[in-house]
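This is input-v1.txt (compact mmCIF, C-alpha atoms and all ligand atoms).
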```txt
# COMPACT_ATOMS: atom_id res chain seq x y z
CA MET A 1 7.02 -25.94 -7.73
CA TYR A 2 3.91 -24.24 -9.03
CA ILE A 3 4.57 -23.21 -12.61
CA VAL A 4 7.56 -24.01 -14.81
CA GLY A 5 7.87 -23.78 -18.56
CA ASP A 6 10.00 -23.17 -21.62
CA GLU A 7 11.18 -19.84 -20.21
CA GLU A 8 13.05 -21.60 -17.38
CA ILE A 9 14.45 -24.21 -19.78
CA GLU A 10 15.70 -21.48 -22.10
CA ALA A 11 17.25 -19.48 -19.24
CA LEU A 12 19.04 -22.55 -17.89
CA ALA A 13 20.17 -23.62 -21.37
CA THR A 14 21.69 -20.20 -21.96
CA VAL A 15 23.73 -20.42 -18.76
CA VAL A 16 24.95 -23.92 -19.69
CA ARG A 17 25.67 -23.00 -23.33
CA ASP A 18 27.65 -19.96 -22.20
CA LYS A 19 29.53 -22.08 -19.65
CA ALA A 20 28.65 -19.30 -17.20
CA LEU A 21 27.67 -21.37 -14.15
CA PHE A 22 29.78 -19.52 -11.59
CA ARG A 23 28.36 -16.32 -10.14
CA TYR A 24 31.62 -14.38 -10.03
CA GLY A 25 33.46 -13.30 -13.14
CA VAL A 26 31.53 -15.22 -15.78
CA GLY A 27 27.90 -14.96 -14.69
CA ASN A 28 25.45 -12.20 -13.78
CA GLN A 29 22.21 -14.09 -13.08
CA CYS A 30 22.63 -14.28 -9.28
CA GLU A 31 23.50 -10.62 -9.02
CA ARG A 32 20.61 -9.64 -11.29
CA PHE A 33 18.18 -11.65 -9.19
CA GLU A 34 19.53 -10.24 -5.92
CA GLN A 35 18.98 -6.69 -7.14
CA ARG A 36 15.55 -7.38 -8.60
CA TYR A 37 14.31 -9.32 -5.57
CA ALA A 38 15.64 -6.70 -3.11
CA ALA A 39 13.68 -4.08 -5.06
CA TRP A 40 10.59 -6.31 -5.11
CA LEU A 41 10.81 -6.81 -1.34
CA GLY A 42 11.63 -3.16 -0.67
CA VAL A 43 14.92 -3.88 1.13
CA LYS A 44 18.45 -2.62 0.50
CA HIS A 45 20.27 -5.96 0.32
CA PHE A 46 19.44 -9.49 -0.75
CA SER A 47 22.01 -12.30 -0.82
CA LEU A 48 21.43 -15.69 -2.40
CA ALA A 49 22.53 -18.85 -0.60
CA ALA A 50 22.48 -22.55 -1.37
CA SER A 51 19.35 -23.18 0.74
CA GLY A 52 16.88 -21.69 3.19
CA SER A 53 18.67 -23.51 6.00
CA ASN A 54 21.95 -21.85 5.00
CA ALA A 55 20.17 -18.50 4.73
CA LEU A 56 18.83 -18.84 8.28
CA ALA A 57 22.21 -19.90 9.66
CA ALA A 58 23.89 -16.98 7.87
CA ALA A 59 21.31 -14.57 9.29
CA MET A 60 21.72 -15.86 12.86
CA THR A 61 25.50 -15.59 12.58
CA ALA A 62 25.43 -12.20 10.87
CA ILE A 63 23.32 -10.52 13.52
CA GLY A 64 25.78 -11.70 16.15
CA LEU A 65 23.86 -14.43 17.96
CA GLY A 66 26.06 -16.89 19.82
CA PRO A 67 26.57 -18.90 23.01
CA GLY A 68 24.62 -17.46 25.92
CA ASP A 69 21.68 -16.37 23.75
CA GLU A 70 18.20 -17.85 23.52
CA VAL A 71 16.01 -17.53 20.43
CA LEU A 72 12.24 -18.09 20.48
CA ILE A 73 10.97 -20.48 17.80
CA PRO A 74 7.37 -21.55 17.10
CA ALA A 75 6.31 -25.14 17.76
CA HIS A 76 5.08 -25.44 14.16
CA THR A 77 7.84 -24.88 11.59
CA TYR A 78 10.46 -26.83 9.71
CA MET A 79 13.36 -27.79 12.00
CA ALA A 80 15.82 -25.47 10.20
CA SER A 81 14.27 -22.52 12.07
CA ALA A 82 15.63 -24.14 15.25
CA THR A 83 18.80 -25.86 13.99
CA SER A 84 20.04 -22.58 12.47
CA VAL A 85 20.03 -21.13 16.00
CA LEU A 86 22.25 -24.03 17.09
CA ALA A 87 24.53 -23.39 14.09
CA ALA A 88 25.28 -19.99 15.64
CA GLY A 89 25.96 -21.58 19.05
CA ALA A 90 22.75 -20.26 20.61
CA ILE A 91 19.78 -22.16 22.07
CA PRO A 92 16.29 -22.41 20.53
CA VAL A 93 13.38 -22.09 22.97
CA ILE A 94 10.15 -23.54 21.57
CA VAL A 95 6.94 -21.56 22.13
CA ASP A 96 3.28 -22.06 21.25
CA ILE A 97 1.46 -21.08 18.09
CA ASP A 98 -2.13 -19.81 18.12
CA GLU A 99 -5.07 -20.67 15.86
CA THR A 100 -3.49 -18.81 12.93
CA VAL A 101 -0.90 -21.68 13.04
CA THR A 102 1.80 -19.03 13.49
CA ILE A 103 3.71 -17.99 16.62
CA ASP A 104 1.45 -16.65 19.37
CA PRO A 105 2.52 -13.09 20.37
CA LYS A 106 1.34 -13.78 23.91
CA ALA A 107 3.52 -16.89 24.07
CA ILE A 108 6.47 -14.77 22.92
CA GLU A 109 5.86 -12.24 25.67
CA ASP A 110 5.48 -14.99 28.29
CA ALA A 111 8.64 -16.80 27.17
CA ILE A 112 11.05 -13.86 27.20
CA GLY A 113 13.74 -14.47 29.80
CA PRO A 114 17.01 -12.76 30.72
CA ARG A 115 18.88 -14.59 27.93
CA THR A 116 16.32 -14.11 25.15
CA LYS A 117 17.89 -12.15 22.30
CA ALA A 118 15.71 -12.89 19.29
CA VAL A 119 12.47 -14.33 17.98
CA VAL A 120 11.73 -16.15 14.72
CA PRO A 121 8.22 -15.56 13.35
CA VAL A 122 7.57 -18.16 10.63
CA HIS A 123 4.91 -17.48 7.99
CA MET A 124 3.83 -21.12 7.89
CA TRP A 125 2.08 -22.34 4.75
CA GLY A 126 2.17 -18.73 3.53
CA ALA A 127 -0.03 -17.51 6.41
CA ALA A 128 1.05 -14.23 7.99
CA CYS A 129 2.33 -13.98 11.55
CA ASN A 130 0.93 -11.14 13.61
CA MET A 131 3.82 -8.86 12.71
CA ALA A 132 2.37 -5.71 14.29
CA ALA A 133 2.19 -7.38 17.69
CA ILE A 134 5.57 -9.10 17.25
CA MET A 135 7.39 -5.93 16.21
CA GLU A 136 5.80 -4.04 19.10
CA ILE A 137 6.95 -6.66 21.62
CA ALA A 138 10.40 -6.75 20.02
CA ALA A 139 10.80 -2.98 20.28
CA ARG A 140 9.61 -2.91 23.87
CA ARG A 141 11.61 -5.94 25.04
CA ASN A 142 14.69 -5.35 22.90
CA LEU A 143 14.51 -8.46 20.72
CA ILE A 144 15.86 -9.01 17.21
CA VAL A 145 13.23 -10.31 14.77
CA ILE A 146 14.45 -12.87 12.23
CA GLU A 147 11.57 -13.49 9.84
CA ASP A 148 11.51 -17.01 8.45
CA ALA A 149 9.72 -16.36 5.17
CA CYS A 150 10.84 -19.66 3.63
CA GLN A 151 7.21 -20.73 3.17
CA GLY A 152 6.03 -17.18 2.58
CA VAL A 153 7.69 -16.25 -0.71
CA GLY A 154 5.48 -13.73 -2.50
CA GLY A 155 3.25 -12.94 0.45
CA GLY A 156 2.99 -10.05 2.82
CA TYR A 157 1.50 -8.52 5.91
CA GLU A 158 -0.69 -5.44 5.61
CA GLY A 159 1.01 -4.22 2.45
CA ARG A 160 4.61 -5.02 3.41
CA LYS A 161 6.41 -8.05 2.05
CA PHE A 162 7.23 -11.04 4.23
CA GLY A 163 10.92 -11.03 5.04
CA ALA A 164 11.13 -7.24 4.84
CA ILE A 165 9.33 -6.44 8.10
CA GLY A 166 11.62 -7.88 10.77
CA HIS A 167 15.27 -6.91 11.25
CA ILE A 168 16.33 -9.63 8.82
CA GLY A 169 14.39 -12.07 6.62
CA CYS A 170 15.18 -15.52 5.25
CA PHE A 171 13.80 -17.35 2.21
CA SER A 172 13.89 -20.82 0.70
CA PHE A 173 13.62 -21.55 -3.00
CA ASN A 174 13.55 -25.33 -2.69
CA TYR A 175 11.31 -27.51 -4.81
CA PHE A 176 8.19 -26.93 -2.67
CA LYS A 177 8.34 -23.16 -2.42
CA ASN A 178 6.46 -20.41 -4.28
CA MET A 179 9.57 -19.61 -6.30
CA ALA A 180 11.57 -22.76 -6.87
CA ALA A 181 15.01 -23.59 -8.20
CA GLY A 182 15.22 -27.15 -6.86
CA GLU A 183 17.25 -25.84 -3.93
CA GLY A 184 18.12 -22.31 -2.92
CA GLY A 185 17.61 -19.58 -0.39
CA GLY A 186 18.58 -16.07 0.57
CA VAL A 187 18.68 -13.31 3.15
CA ALA A 188 17.05 -9.87 3.00
CA VAL A 189 18.30 -7.06 5.21
CA ASN A 190 18.54 -3.27 5.23
CA ASP A 191 21.54 -2.84 7.52
CA GLU A 192 24.69 -2.67 5.41
CA HIS A 193 27.05 -3.98 8.09
CA VAL A 194 24.80 -7.01 8.70
CA ALA A 195 24.49 -7.52 4.93
CA LYS A 196 28.27 -7.73 4.64
CA ARG A 197 28.38 -10.27 7.44
CA VAL A 198 25.63 -12.28 5.72
CA ARG A 199 27.72 -12.38 2.53
CA CYS A 200 30.74 -13.50 4.55
CA ALA A 201 28.72 -16.25 6.25
CA ILE A 202 27.42 -17.45 2.88
CA ASP A 203 30.81 -17.29 1.19
CA PRO A 204 33.81 -16.48 3.40
CA CYS A 205 35.97 -16.17 0.29
CA HIS A 206 33.66 -13.70 -1.45
CA PHE A 207 36.16 -10.88 -0.91
CA TYR A 208 38.47 -12.70 -3.28
CA TRP A 209 36.01 -12.02 -6.10
CA ASN A 210 34.55 -8.72 -4.97
CA GLY A 211 37.59 -7.12 -3.36
CA ARG A 212 38.57 -6.81 0.30
CA ASP A 213 36.63 -4.46 2.54
CA GLU A 214 38.88 -2.95 5.17
CA SER A 215 35.87 -1.77 7.21
CA GLU A 216 34.63 -5.34 7.79
CA MET A 217 36.31 -8.04 9.86
CA PRO A 218 35.88 -11.35 8.00
CA PHE A 219 35.25 -14.62 9.83
CA ALA A 220 35.39 -18.30 8.91
CA ALA A 221 32.18 -20.01 7.82
CA ASN A 222 31.02 -22.85 5.64
CA GLY A 223 30.40 -22.05 2.00
CA ALA A 224 26.79 -21.97 0.79
CA ARG A 225 27.24 -20.12 -2.49
CA ALA A 226 24.46 -19.97 -5.07
CA SER A 227 25.02 -21.14 -8.63
CA GLU A 228 24.11 -19.25 -11.76
CA LEU A 229 21.63 -22.02 -12.59
CA MET A 230 19.74 -21.01 -9.46
CA GLY A 231 19.96 -17.33 -10.37
CA ALA A 232 18.75 -17.95 -13.93
CA MET A 233 15.82 -20.06 -12.79
CA LEU A 234 14.80 -17.56 -10.12
CA ASN A 235 14.89 -14.63 -12.53
CA VAL A 236 12.16 -16.38 -14.53
CA GLN A 237 10.27 -17.50 -11.44
CA LEU A 238 10.24 -13.91 -10.16
CA ASP A 239 8.51 -12.81 -13.37
CA ARG A 240 5.71 -15.27 -12.57
CA LEU A 241 5.37 -14.48 -8.87
CA ASP A 242 2.88 -11.59 -8.76
CA GLY A 243 0.47 -13.28 -11.17
CA MET A 244 0.66 -16.57 -9.28
CA ILE A 245 -0.03 -15.03 -5.89
CA ARG A 246 -2.87 -12.96 -7.35
CA ALA A 247 -4.47 -16.11 -8.79
CA MET A 248 -4.18 -17.99 -5.48
CA ARG A 249 -5.65 -15.07 -3.53
CA THR A 250 -8.59 -14.96 -5.92
CA GLU A 251 -9.17 -18.70 -5.58
CA LYS A 252 -8.88 -18.60 -1.80
CA LYS A 253 -11.42 -15.77 -1.62
CA LYS A 254 -13.83 -17.73 -3.82
CA ILE A 255 -13.50 -20.86 -1.67
CA LEU A 256 -14.02 -18.92 1.55
CA GLN A 257 -17.02 -17.09 0.10
CA GLY A 258 -18.42 -20.32 -1.35
CA THR A 259 -18.21 -22.09 2.01
CA ALA A 260 -19.18 -19.16 4.25
CA GLN A 261 -22.72 -20.44 4.77
CA LEU A 262 -21.29 -23.58 6.40
CA GLY A 263 -20.50 -21.45 9.42
CA ASN A 264 -24.02 -22.28 10.58
CA ILE A 265 -22.97 -25.93 11.10
CA GLY A 266 -19.63 -24.96 12.69
CA LEU A 267 -17.17 -24.83 9.78
CA ARG A 268 -14.92 -21.97 10.83
CA PRO A 269 -12.19 -20.48 8.62
CA THR A 270 -8.90 -20.36 10.48
CA PRO A 271 -8.27 -16.81 11.73
CA MET A 272 -5.83 -14.88 9.52
CA ASN A 273 -3.49 -12.06 10.49
CA SER A 274 -3.48 -10.47 7.03
CA PRO A 275 -6.10 -12.10 4.79
CA GLU A 276 -5.65 -9.67 1.89
CA HIS A 277 -1.87 -9.91 1.76
CA ASP A 278 -0.71 -13.39 2.72
CA CYS A 279 0.32 -15.98 0.11
CA ALA A 280 -3.09 -17.70 -0.03
CA THR A 281 -1.41 -21.02 -0.80
CA GLN A 282 -3.78 -22.77 1.62
CA VAL A 283 -7.38 -22.37 2.66
CA MET A 284 -7.58 -23.42 6.31
CA TYR A 285 -10.45 -24.33 8.58
CA THR A 286 -10.30 -24.77 12.35
CA LEU A 287 -12.60 -27.66 13.25
CA PRO A 288 -14.13 -28.24 16.68
CA SER A 289 -12.11 -31.41 17.38
CA ALA A 290 -9.17 -33.47 16.17
CA GLU A 291 -11.54 -36.31 15.43
CA ALA A 292 -13.67 -34.09 13.16
CA ALA A 293 -10.55 -32.81 11.37
CA ALA A 294 -9.28 -36.34 10.76
CA ARG A 295 -12.63 -37.44 9.35
CA PHE A 296 -12.85 -34.32 7.18
CA ALA A 297 -9.37 -34.88 5.73
CA LYS A 298 -10.14 -38.53 5.00
CA LEU A 299 -13.17 -37.62 2.95
CA PHE A 300 -11.45 -35.51 0.36
CA PRO A 301 -7.88 -34.42 -0.32
CA SER A 302 -6.86 -32.08 2.47
CA VAL A 303 -4.25 -32.06 5.20
CA VAL A 304 -4.41 -31.90 8.99
CA ALA A 305 -1.66 -29.46 10.04
CA GLY A 306 -0.83 -31.59 13.08
CA LYS A 307 -0.06 -34.55 10.83
CA THR A 308 2.57 -32.84 8.71
CA GLY A 309 5.49 -34.66 10.33
CA ARG A 310 8.67 -32.62 10.07
CA HIS A 311 6.81 -29.34 10.54
CA ASN A 312 6.04 -30.02 14.21
CA TYR A 313 8.56 -29.75 17.03
CA THR A 314 7.82 -33.32 18.14
CA GLU A 315 9.76 -34.51 15.06
CA TRP A 316 12.88 -32.38 15.53
CA ASP A 317 15.00 -35.27 16.81
CA GLN A 318 18.34 -33.47 17.15
CA VAL A 319 16.79 -30.60 19.10
CA LEU A 320 14.81 -32.86 21.42
CA MET A 321 17.91 -35.04 22.00
CA GLY A 322 20.23 -32.09 22.62
CA ALA A 323 22.44 -33.07 19.67
CA GLY A 324 23.30 -29.54 18.59
CA ALA A 325 26.51 -30.36 16.69
CA ALA A 326 28.54 -33.34 15.51
CA HIS A 327 31.44 -32.76 17.92
CA PRO A 328 30.56 -32.64 21.65
CA ALA A 329 32.78 -29.60 22.21
CA MET A 330 30.93 -27.71 19.48
CA ASN A 331 27.50 -28.68 20.78
CA PRO A 332 25.77 -25.54 22.09
CA TYR A 333 23.85 -27.66 24.60
CA ASN A 334 27.19 -28.56 26.27
CA MET A 335 28.73 -25.10 26.20
CA PRO A 336 29.32 -23.47 29.61
CA ALA A 337 28.17 -20.14 28.12
CA ASN A 338 24.76 -21.72 27.55
CA ALA A 339 24.45 -23.19 31.07
CA ALA A 340 21.90 -20.56 32.09
CA CYS A 341 19.79 -21.01 28.92
CA ARG A 342 16.65 -23.14 28.87
CA ARG A 343 17.91 -26.33 27.26
CA THR A 344 15.34 -29.01 28.01
CA TYR A 345 12.46 -30.05 25.81
CA SER A 346 9.69 -32.62 25.95
CA LYS A 347 7.23 -33.89 23.37
CA ASP A 348 4.30 -32.43 25.29
CA MET A 349 5.82 -29.04 26.08
CA CYS A 350 3.56 -27.29 23.53
CA ALA A 351 0.43 -29.41 23.93
CA ARG A 352 -1.76 -26.40 23.12
CA SER A 353 -0.08 -26.06 19.72
CA LEU A 354 -0.56 -29.75 18.95
CA GLU A 355 -4.21 -29.54 19.95
CA ILE A 356 -4.77 -26.59 17.59
CA LEU A 357 -2.79 -28.19 14.75
CA ASN A 358 -4.74 -31.42 15.03
CA ARG A 359 -7.98 -29.47 14.49
CA THR A 360 -6.71 -27.43 11.53
CA VAL A 361 -7.34 -28.70 8.00
CA MET A 362 -5.63 -27.22 4.97
CA ILE A 363 -6.76 -27.25 1.37
CA ALA A 364 -4.20 -26.25 -1.23
CA THR A 365 -4.97 -23.57 -3.80
CA HIS A 366 -3.16 -23.52 -7.15
CA PRO A 367 -2.56 -20.62 -9.56
CA GLN A 368 -3.61 -22.81 -12.48
CA HIS A 369 -6.81 -24.21 -11.04
CA THR A 370 -9.71 -23.85 -13.46
CA ALA A 371 -13.06 -22.39 -12.42
CA GLN A 372 -14.38 -25.96 -12.41
CA GLU A 373 -11.61 -27.16 -10.08
CA THR A 374 -12.32 -24.31 -7.67
CA ALA A 375 -16.03 -25.13 -7.81
CA ASP A 376 -15.18 -28.79 -7.07
CA ILE A 377 -13.20 -27.77 -3.99
CA ILE A 378 -16.13 -25.68 -2.72
CA HIS A 379 -18.48 -28.59 -3.40
CA ASN A 380 -16.24 -31.10 -1.63
CA VAL A 381 -15.70 -28.86 1.41
CA SER A 382 -19.47 -28.47 1.66
CA VAL A 383 -20.13 -32.21 1.37
CA ALA A 384 -17.41 -33.10 3.89
CA ALA A 385 -18.51 -30.40 6.36
CA ARG A 386 -22.19 -31.38 6.12
CA HIS A 387 -21.28 -35.00 6.78
CA VAL A 388 -18.66 -34.46 9.51
CA LEU A 389 -20.19 -31.47 11.31
CA GLY A 390 -23.82 -31.61 10.29
CA GLY A 391 -24.20 -35.38 10.65
CA GLY A 392 -25.59 -35.67 7.11
CA PRO A 393 -25.42 -38.96 5.20
CA LEU A 394 -22.68 -39.46 2.65
CA ALA A 395 -22.95 -41.24 -0.67
CA GLU A 396 -19.69 -42.01 -2.44
CA ALA A 397 -20.88 -40.16 -5.55
CA ASP A 398 -21.41 -36.94 -3.59
CA LEU A 399 -17.70 -36.12 -3.71
CA ARG A 400 -16.08 -34.94 -6.91
CA ARG A 401 -12.62 -35.99 -8.00
CA GLY A 402 -9.93 -33.58 -6.83
CA ALA A 403 -6.16 -33.42 -7.13
CA PRO A 404 -4.46 -35.71 -4.60
CA VAL A 405 -2.55 -34.13 -1.73
CA ASP A 406 1.21 -33.80 -2.32
CA ALA A 407 2.28 -36.31 0.34
CA GLN A 408 5.98 -35.45 -0.06
CA LYS A 409 5.40 -31.76 0.55
CA PHE A 410 3.22 -32.26 3.58
CA ASP A 411 5.10 -35.27 4.96
CA LEU A 412 1.81 -36.87 5.84
CA GLN A 413 1.94 -39.26 8.76
CA ALA A 414 0.40 -42.68 8.46
CA ASP A 415 -2.48 -42.03 10.83
CA ALA A 416 -3.44 -38.78 9.07
C1 LIG B 1 9.68 -22.68 7.48
C2 LIG B 1 10.94 -23.18 6.83
N1 LIG B 1 12.12 -22.74 7.29
C3 LIG B 1 13.28 -23.14 6.72
C4 LIG B 1 13.29 -24.04 5.69
C5 LIG B 1 14.60 -24.51 5.14
O1 LIG B 1 14.72 -24.30 3.76
P1 LIG B 1 15.59 -25.28 2.86
O2 LIG B 1 14.85 -26.56 2.69
O3 LIG B 1 15.74 -24.53 1.57
O4 LIG B 1 16.89 -25.48 3.53
C6 LIG B 1 12.09 -24.54 5.19
C7 LIG B 1 12.07 -25.51 4.09
O5 LIG B 1 11.28 -26.38 3.96
C8 LIG B 1 10.87 -24.10 5.78
O6 LIG B 1 9.69 -24.55 5.37
```
Let's see the structure in the file written out as structure tokens.
Ligand SMILES: Cc1ncc(COP(=O)(O)O)c(C=O)c1O
Amino acid sequence: MYIVGDEEIEALATVVRDKALFRYGVGNQCERFEQRYAAWLGVKHFSLAASGSNALAAAMTAIGLGPGDEVLIPAHTYMASATSVLAAGAIPVIVDIDETVTIDPKAIEDAIGPRTKAVVPVHMWGAACNMAAIMEIAARRNLIVIEDACQGVGGGYEGRKFGAIGHIGCFSFNYFKNMAAGEGGGVAVNDEHVAKRVRCAIDPCHFYWNGRDESEMPFAANGARASELMGAMLNVQLDRLDGMIRAMRTEKKKILQGTAQLGNIGLRPTPMNSPEHDCATQVMYTLPSAEAAARFAKLFPSVVAGKTGRHNYTEWDQVLMGAGAAHPAMNPYNMPANAACRRTYSKDMCARSLEILNRTVMIATHPQHTAQETADIIHNVSVAARHVLGGGPLAEADLRRGAPVDAQKFDLQADA
């Protein structure tokens, strides 16, 4: 959570005081947010869900994925991008990322097989995927694009909002995201038929409240309905979003400008697919080696992308073990319809991704950083780079105090 204040407390208190916690009948916060956020994204429909994982599963189900289908997933993302594919009965196929730390369009093209139906570009850490290349491949090879914008709330690609570029987009509003309600998520889509299916997947009993729709065949699904507390909180968070993203973009630009001269000793900003439009929640550098990145991150608070535990495919236990459901008969890996899908994984299958991630360091921006705090980051990057890359000496006093890394958010591994 970036910024929270009395406005959120007041909005939540009103919902509680009014005893209007249920979205149908008594409340209007969820509906208000859905309409406002759809307009903000520039899509026709937005549906809130209990989490980003539920949103992804609803999207996969709604677009009709199922047994016999493969879906391409990047090696660097939270496991829900992959487990949501399994929730629909389909099989995730893991492909490499490139130096932008997002899915490599060339790896997508190389991985497309006869069963591949969809691809999931994930805007990791708020950094944009190469959407132009991905949408071009998708059009040419007949793939559905499910944008995982869970970490990309508020950002965009070349003037269009994340989650509104692919055929369907998914968001998380959990505690760590750019708009936060503790937990929460949602699905953005233009197609009305798919939107109705999304609503059915999120709440199969929604017709009871909104009226039956004879044109749509309902189906059974688990409930993942949003509460009015979530809606109320998000309505306030949405008011803050543009200002927050603007502030982070400004800080990121300052840090990149302030460290540009370190290019002469080999400090290279990570390539970006849409530097003017992404979320700017992280400033990233691609170092020449994993060893240099580890030393850099030890010197002052920063994170090596390869050491962020749950965000790398090597930590997705259930996927790697083929445990796609609780009951063996419901496990997509056991289903005869999936026999021709690629169902085997190994920890070194995307070694290129791991190599890149272990050389990528990330420094968090913050919308409330003061000019002094930004200057301290620039100073510390310079000191660390001169020492690690330039071989300069380091005195303890050279580094200024900075905010510690949020270890819970980044799931930092012990050897990081
Ligand atoms: C890229 C990505 N996808 C999906 C999710 C799942 O969202 P949630 O935690 O709200 O279920 C997350 C959450 O961390 C995420 O980072």
* To do: Give the residue list for ligand LIG 1 (chain B) at 9 Å, counting only C-alpha atoms and all ligand atoms, as a ChimeraX atom specification, sorted by chain and then by residue number.
  => /A:50-56,76-82,84,122-125,148-152,170-177,182-186,311,409
How would the residues just chosen look if you wrote them out with C-alpha atoms as a PDB file, keeping the file's coordinate frame?
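Dumped everything to again29.pdb:
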```
ATOM      1  CA  ALA A  50      22.480 -22.550  -1.370  1.00  0.00           C
ATOM      2  CA  SER A  51      19.350 -23.180   0.740  1.00  0.00           C
ATOM      3  CA  GLY A  52      16.880 -21.690   3.190  1.00  0.00           C
ATOM      4  CA  SER A  53      18.670 -23.510   6.000  1.00  0.00           C
ATOM      5  CA  ASN A  54      21.950 -21.850   5.000  1.00  0.00           C
ATOM      6  CA  ALA A  55      20.170 -18.500   4.730  1.00  0.00           C
ATOM      7  CA  LEU A  56      18.830 -18.840   8.280  1.00  0.00           C
ATOM      8  CA  HIS A  76       5.080 -25.440  14.160  1.00  0.00           C
ATOM      9  CA  THR A  77       7.840 -24.880  11.590  1.00  0.00           C
ATOM     10  CA  TYR A  78      10.460 -26.830   9.710  1.00  0.00           C
ATOM     11  CA  MET A  79      13.360 -27.790  12.000  1.00  0.00           C
ATOM     12  CA  ALA A  80      15.820 -25.470  10.200  1.00  0.00           C
ATOM     13  CA  SER A  81      14.270 -22.520  12.070  1.00  0.00           C
ATOM     14  CA  ALA A  82      15.630 -24.140  15.250  1.00  0.00           C
ATOM     15  CA  SER A  84      20.040 -22.580  12.470  1.00  0.00           C
ATOM     16  CA  VAL A 122       7.570 -18.160  10.630  1.00  0.00           C
ATOM     17  CA  HIS A 123       4.910 -17.480   7.990  1.00  0.00           C
ATOM     18  CA  MET A 124       3.830 -21.120   7.890  1.00  0.00           C
ATOM     19  CA  TRP A 125       2.080 -22.340   4.750  1.00  0.00           C
ATOM     20  CA  ASP A 148      11.510 -17.010   8.450  1.00  0.00           C
ATOM     21  CA  ALA A 149       9.720 -16.360   5.170  1.00  0.00           C
ATOM     22  CA  CYS A 150      10.840 -19.660   3.630  1.00  0.00           C
ATOM     23  CA  GLN A 151       7.210 -20.730   3.170  1.00  0.00           C
ATOM     24  CA  GLY A 152       6.030 -17.180   2.580  1.00  0.00           C
ATOM     25  CA  CYS A 170      15.180 -15.520   5.250  1.00  0.00           C
ATOM     26  CA  PHE A 171      13.800 -17.350   2.210  1.00  0.00           C
ATOM     27  CA  SER A 172      13.890 -20.820   0.700  1.00  0.00           C
ATOM     28  CA  PHE A 173      13.620 -21.550  -3.000  1.00  0.00           C
ATOM     29  CA  ASN A 174      13.550 -25.330  -2.690  1.00  0.00           C
ATOM     30  CA  TYR A 175      11.310 -27.510  -4.810  1.00  0.00           C
ATOM     31  CA  PHE A 176       8.190 -26.930  -2.670  1.00  0.00           C
ATOM     32  CA  LYS A 177       8.340 -23.160  -2.420  1.00  0.00           C
ATOM     33  CA  GLY A 182      15.220 -27.150  -6.860  1.00  0.00           C
ATOM     34  CA  GLU A 183      17.250 -25.840  -3.930  1.00  0.00           C
ATOM     35  CA  GLY A 184      18.120 -22.310  -2.920  1.00  0.00           C
ATOM     36  CA  GLY A 185      17.610 -19.580  -0.390  1.00  0.00           C
ATOM     37  CA  GLY A 186      18.580 -16.070   0.570  1.00  0.00           C
ATOM     38  CA  HIS A 311       6.810 -29.340  10.540  1.00  0.00           C
ATOM     39  CA  LYS A 409       5.400 -31.760   0.550  1.00  0.00           C
TER      40      LYS A 409
END
```
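Of the residues under consideration (A:His167, A:Arg352, A:Arg400, A:Arg386), A:Arg400 shows the shortest atom-to-atom contact distance to Thr374 (chain A) when counting all atoms listed in the file.
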* Given the choices A:Thr14, A:Thr314, A:Thr83, A:Ser353, which gets closest to Thr102 (chain A) if the distance is worked out from only C-alpha atoms? -> A:Ser353
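Here CA of Pro269 (chain A) stands at a distance of 27.1 Å from CA of Ala164 (chain A).
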* Near Asn130 (chain A), counting all atoms listed in the file, which residues have an atom at most 6 Å away, once you skip same-chain residues fewer than 2 positions from it, shown as number ranges by chain? -> A: 132-133, 273
Need the shell around Val43 (chain A): protein/DNA/RNA residues with any atom at most 9 Å away, counting all atoms listed in the file. Skip same-chain ones fewer than 5 positions apart. Format as a JSON list (two decimals) with C-alpha atoms, in the frame of the given file?
```json
[["chain", "number", "residue", "atom", "x", "y", "z"],
["A", 37, "TYR", "CA", 14.31, -9.32, -5.57],
["A", 38, "ALA", "CA", 15.64, -6.70, -3.11],
["A", 164, "ALA", "CA", 11.13, -7.24, 4.84],
["A", 188, "ALA", "CA", 17.05, -9.87, 3.00],
["A", 189, "VAL", "CA", 18.30, -7.06, 5.21],
["A", 190, "ASN", "CA", 18.54, -3.27, 5.23]]
```
Within 6 Å of Val93 (chain A), counting only C-alpha atoms, which residues qualify if same-chain residues fewer than 2 places away don't, as a PDB file with C-alpha atoms, in the coordinates of the input?
```
ATOM      1  CA  VAL A  71      16.010 -17.530  20.430  1.00  0.00           C
ATOM      2  CA  LEU A  72      12.240 -18.090  20.480  1.00  0.00           C
ATOM      3  CA  ILE A  73      10.970 -20.480  17.800  1.00  0.00           C
TER       4      ILE A  73
END
```
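Excluding His193 (chain A) itself and same-chain residues fewer than 5 positions from it, the residues having an atom within 12 Å of it are Lys44, His45, Ala62, Ile63, Gly64, Val198, Arg199, Cys200, Asp213, Ser215, Glu216, Met217 and Pro218 of chain A, counting only C-alpha atoms.
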* Minimum-distance residue to Asn358 (chain A), chosen among A:Ile165, A:Ala294, A:Ala49, A:Ile137 (using only C-alpha atoms) -> A:Ala294
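Among the candidate residues A:Tyr208, A:Tyr157, A:Tyr285, A:Phe33, the one lying nearest to Thr100 (chain A) is A:Tyr285, with distances computed using all atoms listed in the file.
If you look at CA of Ala57 (chain A) and CA of Ile202 (chain A), they are 8.9 Å away from each other.
Residue nearest Met330 (chain A), chosen from A:Gly66, A:Gly27, A:Gly89, A:Gly392 and counting all atoms listed in the file: A:Gly89.
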* To do: Report the distance between CA of Asn380 (chain A) and CA of Leu399 (chain A) in Å, rounded to one decimal place.
  => 5.6 Å
